[in-house]
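Undergrad: The structure follows.
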Amino acid sequence: MVTPRASVKADAVLVQAVIAGALSFAHLHDLAAAAGQDGWKAWAYPISVDLLLVAAWRRLRSVGPSRLAWCWFLIALVASLGANVATAGFLDLEHPPAWLRFGVAGWPALAFLGGTLLAHTPGRVADEEPVAVQPAQVAPTASEPEDPPSVGIGARAPGEPAVTDATPPVPAALVAHARKVAEAHQARTGTAIDPDTLRARLGVPSQLADAIAAQLT
């Protein structure tokens, strides 16, 4: 909800903007007329200056600060302020200097160039957030044997050499654990544990299970 104080403040700013715009418009018209641009041409000059100023400011607000927008904003601002100062008695408008006539005559081409650049030059592209790329799953080749799906006691850890056809070395702790498993199986079933059952209980490859079973006998 807009408070009365905010409404009064907004109205005061609007009135101030209208007064400043009217005075600047009149000064630009008088300067153009003094430089030899009579009739409708004198009225077109302030419109051209104000439109370039608004276009540059809009570019600064929408696209962001850039050398292009600031350059043409300052050019239009200098043209507007210069007209205000020139009509205050600093120049003899009855006999305008040659450089003033030259500047006023060349302003349409300069304003057209500035408006075209502001309207058709692309702005800065926002940096896109990098997209995380998931590493591709590489299928195991013949030279890289796939690890066994079950990981248990005695299973090959990453970095260890693969089990070959030769009898693999059996750690003493694994043999002791296998012996306890075998004794528990014999006490429960009354029969000695076979290599397949031992391999399933320990979760080790068949070659390693055979080696452990050979040491248990």
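Quick note on naming: the chains in the structure tokens go A, B, ... in the order shown, residues restart at 1 in each chain, and ligands are numbered from 1 in order of appearance.
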Could you give me, as a ChimeraX atom specification, the residues within 10 Å of Gln215 (chain A), counting only C-alpha atoms and dropping anything in the same chain fewer than 2 positions from it?
TA: /A:170,175,178-179,209-213,217
Undergrad: Show me, as a PDB file with N, CA and C atoms, in the first residue's frame, the residues that have an atom within 12 Å of Gly82 (chain A) when counting only C-alpha atoms, minus same-chain residues fewer than 5 positions from it.
TA:
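Listing of selection.pdb after writing:
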ATOM      1  N   SER A  24      15.664  21.586 -20.572  1.00  0.00           N
ATOM      2  CA  SER A  24      16.707  21.033 -21.431  1.00  0.00           C
ATOM      3  C   SER A  24      16.248  20.975 -22.882  1.00  0.00           C
ATOM      4  N   HIS A  27      16.447  24.483 -24.312  1.00  0.00           N
ATOM      5  CA  HIS A  27      17.817  24.919 -24.558  1.00  0.00           C
ATOM      6  C   HIS A  27      18.387  24.277 -25.814  1.00  0.00           C
ATOM      7  N   LEU A  28      18.114  22.982 -25.998  1.00  0.00           N
ATOM      8  CA  LEU A  28      18.593  22.306 -27.200  1.00  0.00           C
ATOM      9  C   LEU A  28      17.946  22.888 -28.454  1.00  0.00           C
ATOM     10  N   LEU A  31      19.592  26.262 -29.176  1.00  0.00           N
ATOM     11  CA  LEU A  31      20.955  26.111 -29.697  1.00  0.00           C
ATOM     12  C   LEU A  31      20.941  25.653 -31.153  1.00  0.00           C
ATOM     13  N   ALA A  32      20.050  24.697 -31.476  1.00  0.00           N
ATOM     14  CA  ALA A  32      19.960  24.229 -32.859  1.00  0.00           C
ATOM     15  C   ALA A  32      19.474  25.341 -33.784  1.00  0.00           C
ATOM     16  N   VAL A  49      18.633  14.001 -28.921  1.00  0.00           N
ATOM     17  CA  VAL A  49      19.556  13.937 -27.781  1.00  0.00           C
ATOM     18  C   VAL A  49      18.938  13.167 -26.619  1.00  0.00           C
ATOM     19  N   LEU A  74      27.539   9.309 -22.024  1.00  0.00           N
ATOM     20  CA  LEU A  74      28.290  10.537 -21.766  1.00  0.00           C
ATOM     21  C   LEU A  74      28.201  11.499 -22.950  1.00  0.00           C
ATOM     22  N   ILE A  75      28.184  10.972 -24.174  1.00  0.00           N
ATOM     23  CA  ILE A  75      28.061  11.844 -25.345  1.00  0.00           C
ATOM     24  C   ILE A  75      26.727  12.592 -25.318  1.00  0.00           C
ATOM     25  N   ALA A  76      25.622  11.866 -25.054  1.00  0.00           N
ATOM     26  CA  ALA A  76      24.311  12.515 -24.994  1.00  0.00           C
ATOM     27  C   ALA A  76      24.226  13.475 -23.812  1.00  0.00           C
ATOM     28  N   LEU A  77      24.853  13.106 -22.675  1.00  0.00           N
ATOM     29  CA  LEU A  77      24.823  13.982 -21.505  1.00  0.00           C
ATOM     30  C   LEU A  77      25.591  15.273 -21.764  1.00  0.00           C
ATOM     31  N   THR A  87      23.415  28.291 -23.823  1.00  0.00           N
ATOM     32  CA  THR A  87      22.308  29.256 -23.876  1.00  0.00           C
ATOM     33  C   THR A  87      22.245  30.146 -22.648  1.00  0.00           C
ATOM     34  N   ALA A  88      23.198  29.981 -21.740  1.00  0.00           N
ATOM     35  CA  ALA A  88      23.210  30.815 -20.532  1.00  0.00           C
ATOM     36  C   ALA A  88      24.053  32.066 -20.714  1.00  0.00           C
ATOM     37  N   GLY A  89      24.464  32.380 -21.929  1.00  0.00           N
ATOM     38  CA  GLY A  89      25.227  33.586 -22.180  1.00  0.00           C
ATOM     39  C   GLY A  89      26.700  33.366 -22.388  1.00  0.00           C
ATOM     40  N   PHE A  90      27.170  32.115 -22.359  1.00  0.00           N
ATOM     41  CA  PHE A  90      28.597  31.851 -22.563  1.00  0.00           C
ATOM     42  C   PHE A  90      28.972  31.909 -24.042  1.00  0.00           C
ATOM     43  N   LEU A  91      27.992  31.778 -24.926  1.00  0.00           N
ATOM     44  CA  LEU A  91      28.239  31.877 -26.355  1.00  0.00           C
ATOM     45  C   LEU A  91      27.357  32.974 -26.956  1.00  0.00           C
ATOM     46  N   LEU A 100      30.412  25.235 -33.477  1.00  0.00           N
ATOM     47  CA  LEU A 100      29.062  24.944 -33.021  1.00  0.00           C
ATOM     48  C   LEU A 100      28.177  24.543 -34.199  1.00  0.00           C
ATOM     49  N   GLY A 103      29.205  21.026 -35.166  1.00  0.00           N
ATOM     50  CA  GLY A 103      28.719  19.996 -34.252  1.00  0.00           C
ATOM     51  C   GLY A 103      27.235  19.741 -34.384  1.00  0.00           C
ATOM     52  N   VAL A 104      26.454  20.812 -34.512  1.00  0.00           N
ATOM     53  CA  VAL A 104      25.005  20.651 -34.655  1.00  0.00           C
ATOM     54  C   VAL A 104      24.667  19.971 -35.975  1.00  0.00           C
TER      55      VAL A 104
END
Undergrad: In terms of the shortest atom-to-atom distance over only C-alpha atoms, which of A:Arg201, A:Ala44, A:Pro96, A:Asp196 is closest to Val181 (chain A)?
TA: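 Looking only at the distances to Val181 (chain A), the closest residue turns out to be A:Arg201.
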Undergrad: Write out as a list of chain:residue names the residues lying within 9 Å of Ala182 (chain A), counting only C-alpha atoms and excluding same-chain residues fewer than 2 positions away.
TA: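 What passes the distance filter is A:His177, A:Ala178, A:Arg179, A:Lys180, A:Ala184, A:His185, A:Gln186, A:Ala187, A:Ala192, A:Ile193, A:Asp194, A:Leu198, A:Leu216.
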Undergrad: Please identify the alpha helix (DSSP H) residues within region 58-93 of chain A (assignment by DSSP from backbone atoms) and present them as a VMD selection string.
TA: chain A and resid 58 to 62 67 to 85
Undergrad: CA of Ala98 (chain A) and CA of Asp38 (chain A), how far apart in Å?
TA: 16.8 Å
